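Participant: My structure is in coords_1.cif, and what it holds is mmCIF, C-alpha atoms:
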data_work
loop_
_atom_site.label_atom_id
_atom_site.label_comp_id
_atom_site.auth_asym_id
_atom_site.auth_seq_id
_atom_site.Cartn_x
_atom_site.Cartn_y
_atom_site.Cartn_z
CA MET A 1 112.72 73.06 87.37
CA ILE A 2 111.21 74.69 90.41
CA THR A 3 113.35 77.61 91.49
CA ILE A 4 113.43 78.85 95.07
CA ILE A 5 115.05 82.25 95.21
CA ASP A 6 117.66 82.75 97.91
CA HIS A 7 117.51 86.44 98.74
CA GLY A 8 119.88 86.00 101.64
CA LEU A 9 117.26 85.97 104.39
CA GLY A 10 114.93 83.48 105.93
CA ASN A 11 114.59 79.80 106.42
CA ILE A 12 114.68 78.54 102.88
CA SER A 13 115.36 74.93 103.84
CA SER A 14 111.81 74.33 105.07
CA VAL A 15 110.31 75.53 101.80
CA TYR A 16 112.80 73.29 100.02
CA SER A 17 111.86 70.27 102.18
CA ALA A 18 108.15 70.86 101.52
CA VAL A 19 108.61 71.18 97.74
CA LYS A 20 110.82 68.08 97.74
CA LEU A 21 107.87 66.02 98.96
CA PHE A 22 106.29 66.42 95.52
CA GLU A 23 109.02 67.32 93.05
CA LYS A 24 112.60 66.20 92.56
CA ASN A 25 113.65 69.01 90.24
CA VAL A 26 114.11 71.90 92.60
CA GLN A 27 116.95 74.37 93.05
CA ILE A 28 117.78 77.10 95.55
CA THR A 29 119.67 79.90 93.87
CA ASN A 30 120.52 83.56 93.67
CA LYS A 31 122.34 83.23 90.34
CA TYR A 32 121.07 84.76 87.13
CA LYS A 33 122.24 81.88 84.96
CA ASP A 34 120.29 79.31 87.01
CA LEU A 35 116.96 81.01 86.38
CA LYS A 36 116.62 80.09 82.70
CA LYS A 37 115.36 76.58 83.39
CA THR A 38 112.66 77.83 85.77
CA SER A 39 109.21 76.34 85.24
CA LYS A 40 107.80 77.59 88.55
CA LEU A 41 109.16 80.26 90.84
CA ILE A 42 108.99 80.46 94.63
CA LEU A 43 109.93 83.60 96.55
CA PRO A 44 110.21 82.52 100.18
CA GLY A 45 111.15 84.51 103.14
CA VAL A 46 111.12 86.11 106.47
CA GLY A 47 113.12 89.24 107.01
CA ASN A 48 113.33 92.86 106.08
CA PHE A 49 111.69 94.13 102.86
CA GLY A 50 114.51 96.56 102.07
CA PHE A 51 117.30 94.03 102.72
CA ALA A 52 115.62 91.47 100.48
CA MET A 53 115.07 93.90 97.57
CA LYS A 54 118.64 95.13 97.91
CA ASN A 55 119.93 91.55 97.80
CA LEU A 56 117.86 90.81 94.68
CA ALA A 57 119.25 93.94 93.02
CA THR A 58 122.85 93.15 94.04
CA SER A 59 122.50 89.66 92.58
CA ASN A 60 121.19 91.21 89.34
CA LEU A 61 118.07 89.09 89.53
CA ILE A 62 115.27 91.61 89.17
CA GLU A 63 115.20 91.76 85.38
CA ALA A 64 115.32 87.97 85.06
CA LEU A 65 112.55 87.62 87.65
CA ASN A 66 110.41 90.17 85.79
CA GLU A 67 110.81 88.12 82.64
CA ILE A 68 109.77 84.87 84.35
CA ALA A 69 106.72 86.44 86.03
CA LEU A 70 105.52 89.02 83.51
CA VAL A 71 106.74 87.93 80.05
CA LYS A 72 106.90 84.13 80.27
CA LYS A 73 104.09 84.19 82.86
CA LYS A 74 105.42 81.21 84.79
CA PRO A 75 103.56 80.35 88.00
CA VAL A 76 104.94 82.36 90.90
CA LEU A 77 104.40 81.73 94.63
CA GLY A 78 105.48 84.39 97.12
CA ILE A 79 105.45 83.34 100.77
CA CYS A 80 105.37 85.80 103.70
CA LEU A 81 108.06 88.37 102.86
CA GLY A 82 108.06 86.86 99.36
CA CYS A 83 104.36 87.78 99.13
CA GLN A 84 105.08 91.34 100.27
CA LEU A 85 107.87 91.68 97.68
CA LEU A 86 105.29 91.14 94.91
CA LEU A 87 103.84 94.58 95.68
CA GLU A 88 105.21 98.05 95.00
CA LYS A 89 106.31 99.15 98.46
CA SER A 90 106.24 98.54 102.23
CA ASP A 91 105.93 100.60 105.40
CA GLU A 92 108.88 98.54 106.62
CA SER A 93 111.32 100.14 104.18
CA PRO A 94 110.03 103.50 102.96
CA GLY A 95 111.46 104.60 99.62
CA ILE A 96 112.43 101.09 98.54
CA LYS A 97 110.64 99.69 95.51
CA GLY A 98 109.23 96.18 95.56
CA LEU A 99 108.90 93.97 92.50
CA GLY A 100 105.60 95.70 91.75
CA TRP A 101 104.00 92.74 89.95
CA ILE A 102 100.76 93.43 91.79
CA ARG A 103 99.64 97.00 92.49
CA GLY A 104 99.59 97.87 96.17
CA GLY A 105 101.75 98.19 99.25
CA ASN A 106 102.39 96.58 102.60
CA ASN A 107 101.02 98.24 105.72
CA ILE A 108 102.09 97.77 109.31
CA LEU A 109 99.56 95.92 111.48
CA PRO A 110 97.85 98.38 113.83
CA LEU A 111 98.44 97.93 117.56
CA LYS A 112 94.97 98.06 119.07
CA ASN A 113 95.15 96.11 122.31
CA LYS A 114 97.11 93.53 124.24
CA LEU A 115 94.98 90.69 122.95
CA MET A 116 96.31 91.36 119.47
CA PRO A 117 100.02 91.96 119.80
CA THR A 118 102.34 92.73 116.91
CA PRO A 119 103.95 90.75 115.35
CA HIS A 120 100.96 88.56 114.54
CA VAL A 121 102.38 85.17 115.53
CA GLY A 122 100.62 81.85 115.50
CA TRP A 123 97.84 79.84 113.94
CA ASN A 124 94.91 81.85 112.66
CA GLU A 125 91.82 81.02 110.66
CA VAL A 126 91.90 81.60 106.92
CA LYS A 127 88.62 82.10 105.06
CA ILE A 128 88.60 81.32 101.36
CA LEU A 129 86.68 83.96 99.38
CA LYS A 130 87.12 82.73 95.81
CA ASN A 131 87.92 79.35 94.33
CA HIS A 132 91.38 78.72 92.97
CA TYR A 133 93.44 75.64 92.22
CA ILE A 134 95.74 76.55 95.11
CA PHE A 135 92.87 75.69 97.51
CA LYS A 136 92.10 72.26 96.04
CA ASN A 137 91.07 69.74 98.76
CA ILE A 138 91.22 72.42 101.46
CA PRO A 139 88.15 73.36 103.57
CA LYS A 140 86.63 76.86 103.23
CA LYS A 141 87.96 77.74 106.66
CA PHE A 142 91.29 76.39 107.82
CA TYR A 143 94.32 77.29 109.94
CA LEU A 144 97.68 78.53 108.74
CA TYR A 145 100.74 79.71 110.67
CA PHE A 146 101.38 83.46 110.59
CA ASN A 147 104.46 85.36 111.69
CA HIS A 148 104.58 88.96 110.48
CA SER A 149 104.21 92.64 111.35
CA PHE A 150 103.30 93.94 107.87
CA HIS A 151 100.57 92.80 105.52
CA PRO A 152 99.60 93.31 101.88
CA SER A 153 97.06 95.89 100.81
CA VAL A 154 95.72 95.38 97.28
CA GLN A 155 92.58 95.89 95.18
CA GLN A 156 89.60 93.71 96.10
CA LYS A 157 89.78 91.71 92.88
CA TYR A 158 93.15 90.26 93.88
CA ILE A 159 92.05 89.05 97.33
CA PHE A 160 91.29 85.31 97.45
CA ALA A 161 91.39 84.62 101.19
CA LYS A 162 91.32 86.70 104.33
CA THR A 163 92.01 86.45 108.07
CA SER A 164 90.83 88.57 110.99
CA TYR A 165 93.31 90.09 113.37
CA SER A 166 93.94 93.68 114.46
CA ASP A 167 93.12 94.41 110.83
CA ILE A 168 91.58 92.30 108.08
CA ILE A 169 94.58 90.54 106.58
CA ASN A 170 94.61 89.75 102.90
CA THR A 171 95.96 86.27 103.44
CA VAL A 172 96.07 85.10 99.83
CA ILE A 173 96.43 87.51 96.91
CA ILE A 174 96.41 86.34 93.30
CA LYS A 175 96.86 88.11 89.99
CA GLU A 176 96.88 85.76 87.01
CA ASN A 177 99.98 83.54 87.39
CA ILE A 178 101.21 85.33 90.50
CA ILE A 179 100.19 84.04 93.94
CA GLY A 180 101.12 85.63 97.24
CA ILE A 181 100.48 84.00 100.63
CA GLN A 182 101.15 86.01 103.80
CA PRO A 183 101.31 83.06 106.26
CA HIS A 184 103.68 80.09 105.98
CA PRO A 185 102.13 77.06 104.24
CA GLU A 186 105.47 75.23 104.54
CA LYS A 187 105.11 75.55 108.33
CA SER A 188 101.39 74.81 108.56
CA GLN A 189 101.25 71.02 108.70
CA VAL A 190 98.71 69.11 106.60
CA GLN A 191 96.65 71.99 105.15
CA GLY A 192 99.70 74.12 104.41
CA ILE A 193 101.49 71.29 102.65
CA LYS A 194 98.38 70.87 100.46
CA ILE A 195 98.88 74.45 99.24
CA ILE A 196 102.48 73.67 98.30
CA LYS A 197 101.31 70.47 96.60
CA ASN A 198 98.57 72.32 94.69
CA PHE A 199 101.07 74.87 93.45
CA ILE A 200 103.46 72.19 92.27
CA LYS A 201 100.92 69.78 90.79
CA ASN A 202 98.28 72.13 89.41
CA ALA A 203 99.98 75.33 88.34
CA ASN A 204 101.01 75.55 84.71
CA MET B 1 90.85 84.54 115.91
CA LEU B 2 94.39 83.65 116.71
CA THR B 3 94.60 80.32 118.50
CA LYS B 4 96.58 79.53 121.62
CA ARG B 5 99.60 77.39 120.85
CA ILE B 6 100.87 74.12 122.33
CA LEU B 7 104.57 73.61 121.77
CA ILE B 8 107.15 70.99 122.57
CA THR B 9 110.66 71.71 123.76
CA LEU B 10 113.43 69.34 122.76
CA SER B 11 116.64 69.82 124.75
CA PHE B 12 119.92 68.60 123.35
CA SER B 13 123.06 68.09 125.40
CA GLU B 14 126.27 67.41 123.44
CA GLY B 15 124.02 66.65 120.48
CA ILE B 16 121.88 64.09 122.32
CA LEU B 17 118.17 64.57 122.99
CA ILE B 18 117.54 64.70 126.73
CA ARG B 19 115.14 66.06 129.31
CA THR B 20 116.12 68.65 131.89
CA LYS B 21 115.42 69.36 135.54
CA LYS B 22 116.29 72.75 137.05
CA PHE B 23 118.34 73.41 133.90
CA GLN B 24 120.48 70.30 134.55
CA SER B 25 120.61 67.44 132.10
CA ASP B 26 118.67 64.34 132.96
CA TYR B 27 119.31 61.51 130.59
CA ARG B 28 116.63 59.14 131.82
CA TYR B 29 114.22 59.50 129.01
CA THR B 30 114.42 60.68 125.45
CA SER B 31 111.99 60.54 122.64
CA ASN B 32 110.94 62.19 119.46
CA PHE B 33 107.62 63.84 118.67
CA ILE B 34 108.42 65.40 115.35
CA GLY B 35 105.77 63.54 113.40
CA ASN B 36 102.96 64.56 115.74
CA LYS B 37 100.34 66.43 113.72
CA ASN B 38 98.90 68.19 116.77
CA ILE B 39 101.98 70.03 117.89
CA ASP B 40 101.91 73.70 116.86
CA GLU B 41 105.61 74.51 117.07
CA ILE B 42 108.88 72.93 118.13
CA ILE B 43 111.54 74.55 120.29
CA ILE B 44 115.03 73.04 120.15
CA ILE B 45 117.51 74.12 122.81
CA ASP B 46 121.21 73.40 123.08
CA VAL B 47 121.78 72.86 126.81
CA SER B 48 125.32 71.52 126.45
CA LYS B 49 127.99 72.58 128.94
CA ASN B 50 129.94 74.24 126.14
CA LYS B 51 129.88 74.70 122.39
CA LYS B 52 132.33 71.91 121.52
CA LYS B 53 129.68 69.59 120.10
CA ARG B 54 127.82 72.41 118.30
CA LYS B 55 128.09 70.68 114.94
CA LYS B 56 126.30 67.64 116.29
CA PHE B 57 123.55 69.91 117.62
CA LEU B 58 123.18 71.67 114.26
CA ASP B 59 122.97 68.29 112.53
CA SER B 60 120.11 67.35 114.87
CA VAL B 61 118.27 70.59 114.04
CA ARG B 62 118.74 69.93 110.34
CA LYS B 63 117.41 66.37 110.62
CA ILE B 64 114.34 67.48 112.55
CA SER B 65 113.59 70.32 110.14
CA GLN B 66 113.69 68.08 107.09
CA ASN B 67 110.78 66.06 108.43
CA CYS B 68 108.85 68.71 110.26
CA PHE B 69 106.35 71.16 108.82
CA VAL B 70 105.70 73.37 111.82
CA PRO B 71 107.82 76.33 112.93
CA ILE B 72 111.12 75.56 114.61
CA THR B 73 112.67 77.87 117.19
CA VAL B 74 116.30 77.30 118.14
CA GLY B 75 117.89 78.48 121.38
CA GLY B 76 121.05 78.14 123.42
CA TYR B 77 124.47 79.67 122.78
CA ILE B 78 123.22 82.18 120.24
CA SER B 79 125.68 85.02 120.36
CA ASP B 80 127.50 84.76 117.07
CA LEU B 81 125.92 86.82 114.29
CA ASP B 82 127.69 84.79 111.63
CA GLU B 83 126.09 81.61 112.95
CA ILE B 84 122.56 82.87 112.35
CA LYS B 85 122.69 82.20 108.63
CA ILE B 86 123.89 78.66 109.42
CA LEU B 87 121.04 78.18 111.90
CA GLN B 88 118.57 79.25 109.23
CA MET B 89 120.11 76.86 106.74
CA CYS B 90 119.66 74.10 109.32
CA GLY B 91 115.95 74.96 109.50
CA ALA B 92 115.53 77.55 112.26
CA ASP B 93 112.50 79.77 111.70
CA LYS B 94 113.15 81.70 114.88
CA ILE B 95 115.93 82.00 117.44
CA ILE B 96 115.88 82.56 121.19
CA ILE B 97 118.15 85.32 122.46
CA ASN B 98 118.94 85.56 126.15
CA SER B 99 122.45 86.38 127.37
CA LEU B 100 123.22 88.45 124.27
CA ILE B 101 120.63 91.00 125.29
CA TYR B 102 122.65 91.78 128.43
CA GLN B 103 126.06 91.50 126.78
CA ASN B 104 125.53 93.24 123.50
CA PRO B 105 122.09 94.75 122.89
CA ASP B 106 123.32 96.39 119.68
CA ASN B 107 123.80 92.93 118.18
CA VAL B 108 120.20 92.05 119.00
CA ALA B 109 118.99 95.21 117.27
CA GLU B 110 121.10 94.29 114.26
CA ILE B 111 119.51 90.83 114.10
CA THR B 112 115.91 92.10 114.37
CA LYS B 113 116.57 94.76 111.76
CA LYS B 114 118.03 92.31 109.28
CA TYR B 115 115.82 89.27 109.86
CA GLY B 116 112.72 90.99 111.20
CA SER B 117 111.13 91.06 114.66
CA GLN B 118 109.22 87.87 114.00
CA PHE B 119 112.55 86.00 113.86
CA VAL B 120 113.68 86.79 117.39
CA VAL B 121 112.30 85.40 120.65
CA GLY B 122 113.57 87.07 123.81
CA GLY B 123 114.26 84.51 126.53
CA ILE B 124 113.71 85.35 130.18
CA ASP B 125 115.15 82.85 132.69
CA TYR B 126 114.10 83.64 136.23
CA LYS B 127 114.07 82.52 139.86
CA PHE B 128 111.92 83.54 142.81
CA GLU B 129 114.21 84.27 145.76
CA LYS B 130 113.33 85.86 149.10
CA GLY B 131 110.07 87.31 147.84
CA LYS B 132 111.53 88.73 144.65
CA TYR B 133 111.96 87.71 141.04
CA TYR B 134 115.48 87.72 139.60
CA LEU B 135 116.44 87.34 135.97
CA PHE B 136 119.36 85.12 135.00
CA LYS B 137 121.72 84.91 132.05
CA ASP B 138 124.26 82.34 130.77
CA HIS B 139 121.84 79.41 130.91
CA GLY B 140 120.74 80.10 134.46
CA LYS B 141 124.28 80.46 135.83
CA ASN B 142 124.52 84.20 136.50
CA LYS B 143 122.04 86.47 138.20
CA THR B 144 121.41 89.90 136.69
CA ASN B 145 120.32 93.03 138.50
CA ILE B 146 118.08 94.35 135.75
CA SER B 147 114.35 94.51 136.53
CA ILE B 148 111.65 92.62 134.66
CA TYR B 149 110.12 95.88 133.48
CA ASN B 150 113.40 97.24 132.13
CA THR B 151 114.18 93.95 130.43
CA LEU B 152 110.79 93.91 128.70
CA LYS B 153 111.21 97.51 127.55
CA LEU B 154 114.69 96.68 126.30
CA PHE B 155 113.31 93.71 124.35
CA GLU B 156 110.63 95.94 122.81
CA LYS B 157 113.11 98.66 121.96
CA LEU B 158 115.43 96.18 120.25
CA GLY B 159 112.57 94.85 118.12
CA VAL B 160 112.19 91.39 119.67
CA GLY B 161 109.01 89.65 118.44
CA GLU B 162 108.02 87.26 121.25
CA ILE B 163 108.97 86.60 124.86
CA MET B 164 109.67 83.17 126.31
CA LEU B 165 109.61 82.67 130.07
CA GLN B 166 111.48 79.88 131.83
CA SER B 167 111.42 79.38 135.57
CA ILE B 168 114.72 77.81 136.55
CA ASP B 169 113.26 76.30 139.75
CA LYS B 170 110.25 74.87 138.05
CA ASP B 171 112.12 73.40 135.08
CA GLY B 172 111.29 69.71 134.90
CA SER B 173 109.18 69.87 138.05
CA LEU B 174 105.73 69.11 136.58
CA SER B 175 104.39 71.46 139.28
CA GLY B 176 102.52 73.85 136.99
CA LEU B 177 103.26 77.33 135.75
CA ASP B 178 104.18 80.43 137.69
CA ILE B 179 100.94 82.23 136.91
CA GLU B 180 101.88 85.31 138.95
CA PHE B 181 105.03 85.88 136.94
CA SER B 182 103.33 85.53 133.56
CA LYS B 183 100.65 87.98 134.73
CA ILE B 184 103.33 90.52 135.66
CA VAL B 185 105.00 90.13 132.29
CA LYS B 186 101.74 90.28 130.33
CA LYS B 187 100.79 93.46 132.17
CA ASN B 188 103.99 95.13 131.03
CA THR B 189 104.31 94.14 127.39
CA PHE B 190 102.36 93.88 124.15
CA LEU B 191 104.60 91.08 122.91
CA PRO B 192 103.23 87.54 122.51
CA LEU B 193 104.14 85.43 125.53
CA ILE B 194 105.36 81.82 125.63
CA SER B 195 106.01 79.90 128.82
CA ASN B 196 108.37 76.96 128.75
CA GLY B 197 108.38 73.98 131.08
CA SER B 198 106.84 72.53 134.26
CA ILE B 199 103.49 71.34 132.96
CA GLY B 200 102.42 68.32 135.01
CA LYS B 201 98.80 67.89 133.99
CA TRP B 202 96.40 69.20 131.39
CA GLU B 203 94.86 71.66 133.90
CA HIS B 204 98.20 73.47 134.01
CA PHE B 205 97.79 74.35 130.34
CA TYR B 206 94.31 75.66 131.07
CA GLU B 207 95.52 77.82 133.98
CA GLY B 208 98.35 79.21 131.90
CA PHE B 209 96.10 80.21 129.02
CA LYS B 210 93.17 81.39 131.12
CA LYS B 211 94.74 82.96 134.22
CA GLY B 212 98.28 83.57 133.01
CA LYS B 213 97.06 85.04 129.69
CA LEU B 214 99.81 83.14 127.90
CA ASP B 215 99.75 82.98 124.10
CA ALA B 216 101.70 79.73 123.95
CA ILE B 217 102.83 77.01 126.33
CA SER B 218 105.74 74.73 125.67
CA THR B 219 106.73 71.76 127.72
CA ASN B 220 108.37 68.45 127.35
CA ASN B 221 108.41 66.01 130.23
CA ILE B 222 104.66 65.54 130.57
CA TYR B 223 104.56 64.01 127.13
CA HIS B 224 106.87 61.30 128.46
CA PHE B 225 105.18 60.55 131.75
CA THR B 226 101.65 59.96 130.56
CA ASP B 227 100.23 57.63 128.01
CA SER B 228 98.08 60.42 126.67
CA SER B 229 99.24 62.29 123.65
CA ILE B 230 99.35 65.94 122.72
CA ALA B 231 96.00 65.31 121.04
CA ALA B 232 94.53 64.46 124.44
CA ALA B 233 95.80 67.74 125.89
CA LYS B 234 94.21 69.61 123.00
CA ASN B 235 90.89 67.79 123.37
CA TYR B 236 90.82 68.62 127.07
CA LEU B 237 91.44 72.33 126.36
CA LEU B 238 89.02 72.53 123.42
CA LYS B 239 86.27 71.22 125.71
CA LYS B 240 87.10 74.07 128.07
CA ASN B 241 86.70 76.57 125.23
CA ILE B 242 90.36 77.35 124.68
CA LEU B 243 90.75 78.12 120.98
CA LEU B 244 93.33 75.81 119.41
CA ARG B 245 94.25 74.61 115.96
CA ARG B 246 92.52 71.33 115.24
#
Please express the file's structure as structure tokens.

Facilitator:
Amino acid sequence: MITIIDHGLGNISSVYSAVKLFEKNVQITNKYKDLKKTSKLILPGVGNFGFAMKNLATSNLIEALNEIALVKKKPVLGICLGCQLLLEKSDESPGIKGLGWIRGGNNILPLKNKLMPTPHVGWNEVKILKNHYIFKNIPKKFYLYFNHSFHPSVQQKYIFAKTSYSDIINTVIIKENIIGIQPHPEKSQVQGIKIIKNFIKNAN
Amino acid sequence: MLTKRILITLSFSEGILIRTKKFQSDYRYTSNFIGNKNIDEIIIIDVSKNKKKRKKFLDSVRKISQNCFVPITVGGYISDLDEIKILQMCGADKIIINSLIYQNPDNVAEITKKYGSQFVVGGIDYKFEKGKYYLFKDHGKNKTNISIYNTLKLFEKLGVGEIMLQSIDKDGSLSGLDIEFSKIVKKNTFLPLISNGSIGKWEHFYEGFKKGKLDAISTNNIYHFTDSSIAAAKNYLLKKNILLRR
């Protein structure tokens, strides 16, 4: 069962529609009891870091999520805000702890000039730095849809793809079974849908 | 590098897909471009006379979103905070706020705080009258007295993530974009800028990106009137060195 976590924010239906293309067994939930059957976990999202963490805590999900990701080591895909939640903290909500599965924090994108406004919205080029099953059948450089003001900052060894904007964005971060993608593959047409497919078909 | 974006606007009146002219419904031609791989985003606007057929509109959004893997922005009649969750469940990645910003700016701040700036597009509907630009609310019905500059600063202060310009006069006209207006707006804000409507030929896209400094251009009617597809528009612009997603 693929579990998509509903943390109360964001367009979850598009992630659901994309997963549905490849897998029938998929649930959207924020209930502790539903998580047991999880074979793969997706943390979607747009929205506020603090709100999302608070909603996860209120739903008593954090411990169960920790078990899935860190003890059972099930494949995890965090998208956009879901990617940021994988880290320890964010400039967006100072003092609020993230899931902390990958060491690091989320920084606000610097505002350098009018050619690079914040939020970073639109299609930007992603450069793959290291091979991974998530990139199967995808060219080394390709476009994904971004929509964010904060971005993940992690150790070099966890960075698998990057994108240039007002800062170098760590577009794809991976630590063992845990994958975080800052842009929205579920909103990025053919190449983005391949990422979703690769996660569903190749992760185990 | 971030690409420029080519969007399509789908207007729905009483739940039926239509085209518009000067913000009035025009039922002559309807179509559906959801499957087009070249489109970068879709904007869906409820242009109904009232909210009575809202459910039918929401059903249309849901149907489109189930088959569409590009971002969807939903606009029209967005004033109810409780409805936002429903819009998201129907597939909205972003919403367009217009009248609410004049009526209840606190509500806009609440939305951007909860859902993030990237979720909210600030709509600016305008007319050029007697040598001056005026901004309008309530789907082009009521003129406001607030200046462009103050509106932009208000949008920024409230945490809005993008701005979408719509010329009421030019809507449906195919006469090209109001380059002067987009230049004024771009000069006064850091926010990404979308212009909606009035593209009549591929050159209009080029002018908008090059001279108007627009980040995204959305239109609708031109896709009906020519045999060429969105792919043709993109090929034309790529040849002129406008960076687009291929």

Participant: Might you pull out every residue within 12 Å of Asp178 in chain B, with all atoms listed in the file counted and same-chain residues fewer than 2 positions away left off, and present them as a PDB file with C-alpha atoms, keeping the file's coordinate frame?

Facilitator:
ATOM      1  CA  TYR B 126     114.100  83.640 136.230  1.00  0.00           C
ATOM      2  CA  LYS B 127     114.070  82.520 139.860  1.00  0.00           C
ATOM      3  CA  PHE B 128     111.920  83.540 142.810  1.00  0.00           C
ATOM      4  CA  TYR B 133     111.960  87.710 141.040  1.00  0.00           C
ATOM      5  CA  LEU B 165     109.610  82.670 130.070  1.00  0.00           C
ATOM      6  CA  GLN B 166     111.480  79.880 131.830  1.00  0.00           C
ATOM      7  CA  SER B 167     111.420  79.380 135.570  1.00  0.00           C
ATOM      8  CA  ILE B 168     114.720  77.810 136.550  1.00  0.00           C
ATOM      9  CA  ASP B 169     113.260  76.300 139.750  1.00  0.00           C
ATOM     10  CA  LYS B 170     110.250  74.870 138.050  1.00  0.00           C
ATOM     11  CA  ASP B 171     112.120  73.400 135.080  1.00  0.00           C
ATOM     12  CA  SER B 173     109.180  69.870 138.050  1.00  0.00           C
ATOM     13  CA  LEU B 174     105.730  69.110 136.580  1.00  0.00           C
ATOM     14  CA  SER B 175     104.390  71.460 139.280  1.00  0.00           C
ATOM     15  CA  GLY B 176     102.520  73.850 136.990  1.00  0.00           C
ATOM     16  CA  GLU B 180     101.880  85.310 138.950  1.00  0.00           C
ATOM     17  CA  PHE B 181     105.030  85.880 136.940  1.00  0.00           C
ATOM     18  CA  SER B 182     103.330  85.530 133.560  1.00  0.00           C
ATOM     19  CA  LYS B 183     100.650  87.980 134.730  1.00  0.00           C
ATOM     20  CA  ILE B 184     103.330  90.520 135.660  1.00  0.00           C
ATOM     21  CA  VAL B 185     105.000  90.130 132.290  1.00  0.00           C
ATOM     22  CA  SER B 195     106.010  79.900 128.820  1.00  0.00           C
ATOM     23  CA  ASN B 196     108.370  76.960 128.750  1.00  0.00           C
ATOM     24  CA  GLY B 197     108.380  73.980 131.080  1.00  0.00           C
ATOM     25  CA  SER B 198     106.840  72.530 134.260  1.00  0.00           C
ATOM     26  CA  ILE B 199     103.490  71.340 132.960  1.00  0.00           C
ATOM     27  CA  HIS B 204      98.200  73.470 134.010  1.00  0.00           C
ATOM     28  CA  PHE B 205      97.790  74.350 130.340  1.00  0.00           C
ATOM     29  CA  GLU B 207      95.520  77.820 133.980  1.00  0.00           C
ATOM     30  CA  GLY B 208      98.350  79.210 131.900  1.00  0.00           C
ATOM     31  CA  PHE B 209      96.100  80.210 129.020  1.00  0.00           C
ATOM     32  CA  LYS B 211      94.740  82.960 134.220  1.00  0.00           C
ATOM     33  CA  GLY B 212      98.280  83.570 133.010  1.00  0.00           C
ATOM     34  CA  LYS B 213      97.060  85.040 129.690  1.00  0.00           C
ATOM     35  CA  LEU B 214      99.810  83.140 127.900  1.00  0.00           C
ATOM     36  CA  ILE B 217     102.830  77.010 126.330  1.00  0.00           C
TER      37      ILE B 217
END

Participant: Contacts of range 174-178 of chain A at 6 Å or less, counting all atoms listed in the file, minus same-chain residues fewer than 3 places along, as a VMD selection string?

Facilitator: chain A and resid 75 to 76 158

Participant: Which residues of range 92-183 of chain A have any atom within 12 Å of an atom in range 87-110 of chain B when counting all atoms listed in the file, and what is the closest pair of atoms for each, with the distance in Å to one decimal? Order the rows by chain and rising number and write it as a Markdown table.

Facilitator:
| residue | atom | partner | partner_atom | distance |
| --- | --- | --- | --- | --- |
| A:Val121 | CA | B:Lys94 | CA | 11.3 |
| A:Tyr145 | CA | B:Asp93 | CA | 11.8 |
| A:Phe146 | CA | B:Asp93 | CA | 11.8 |
| A:Asn147 | CA | B:Asp93 | CA | 9.8 |

Participant: Calculate how many Å separate CA of Thr151 in chain B from CA of Gly122 in chain B, rounding to one decimal.

Facilitator: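 Computing it gives 9.6 Å between the two atoms.
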
Participant: Taking only C-alpha atoms into account, which residues of chain B are within 6 Å of chain A, as a list in words?

Facilitator: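 In the required form, that comes to Met1, Leu2, Thr3, Gln66, Phe69, Val70, Pro71, Gln88, Met89, Gly91, Asp93, Lys114, Tyr115, Gly116, Gln118, Phe190 and Leu191 of chain B.
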
Participant: Suppose you want the space between CA of Leu243 in chain B and CA of Lys4 in chain B; what is it in Å?

Facilitator: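 CA of Leu243 in chain B sits 6.0 Å away from CA of Lys4 in chain B.
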
Participant: Can you measure CA of Leu81 in chain B to CA of Asn107 in chain A for me? One decimal in Å is fine.

Facilitator: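 Atom-to-atom, CA of Leu81 in chain B to CA of Asn107 in chain A, that is 28.7 Å.
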
Participant: Residues picked by the PyMOL selection byres ((chain A and resi 155) around 10) here, as number ranges by chain?

Facilitator: A: 102-104, 153-154, 156-159, 173

Participant: When you count only C-alpha atoms, which of these residues is closest to Asn202 in chain A: A:Leu109, A:Val71, A:Ile134, A:Ala64?

Facilitator: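 Comparing A:Leu109, A:Val71, A:Ile134, A:Ala64 against Asn202 in chain A, the winner is A:Ile134.
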
Participant: Using all atoms listed in the file, which residues sit within 9 Å of Pro139 in chain A once same-chain residues fewer than 4 positions away are excluded, as a compact mmCIF listing (two decimals) with C-alpha atoms, in the frame of the given file?

Facilitator:
# COMPACT_ATOMS: atom_id res chain seq x y z
CA LYS A 127 88.62 82.10 105.06
CA ILE A 128 88.60 81.32 101.36
CA PHE A 135 92.87 75.69 97.51
CA GLN A 191 96.65 71.99 105.15

Participant: Env of Lys201 in chain A: 10 Å cut, atoms = all atoms listed in the file, seq-sep filter 6 positions within chain, self excluded. Answer as JSON, numbers by chain.

Facilitator: {"A": [22, 23, 133, 134, 195]}

Participant: Which residue is closest to Gly123 in chain B? Choose from B:Ile39, B:Leu193, B:Leu10, B:Ile64 and count all atoms listed in the file.

Facilitator: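 So, comparing all the options, the nearest one is B:Leu193.
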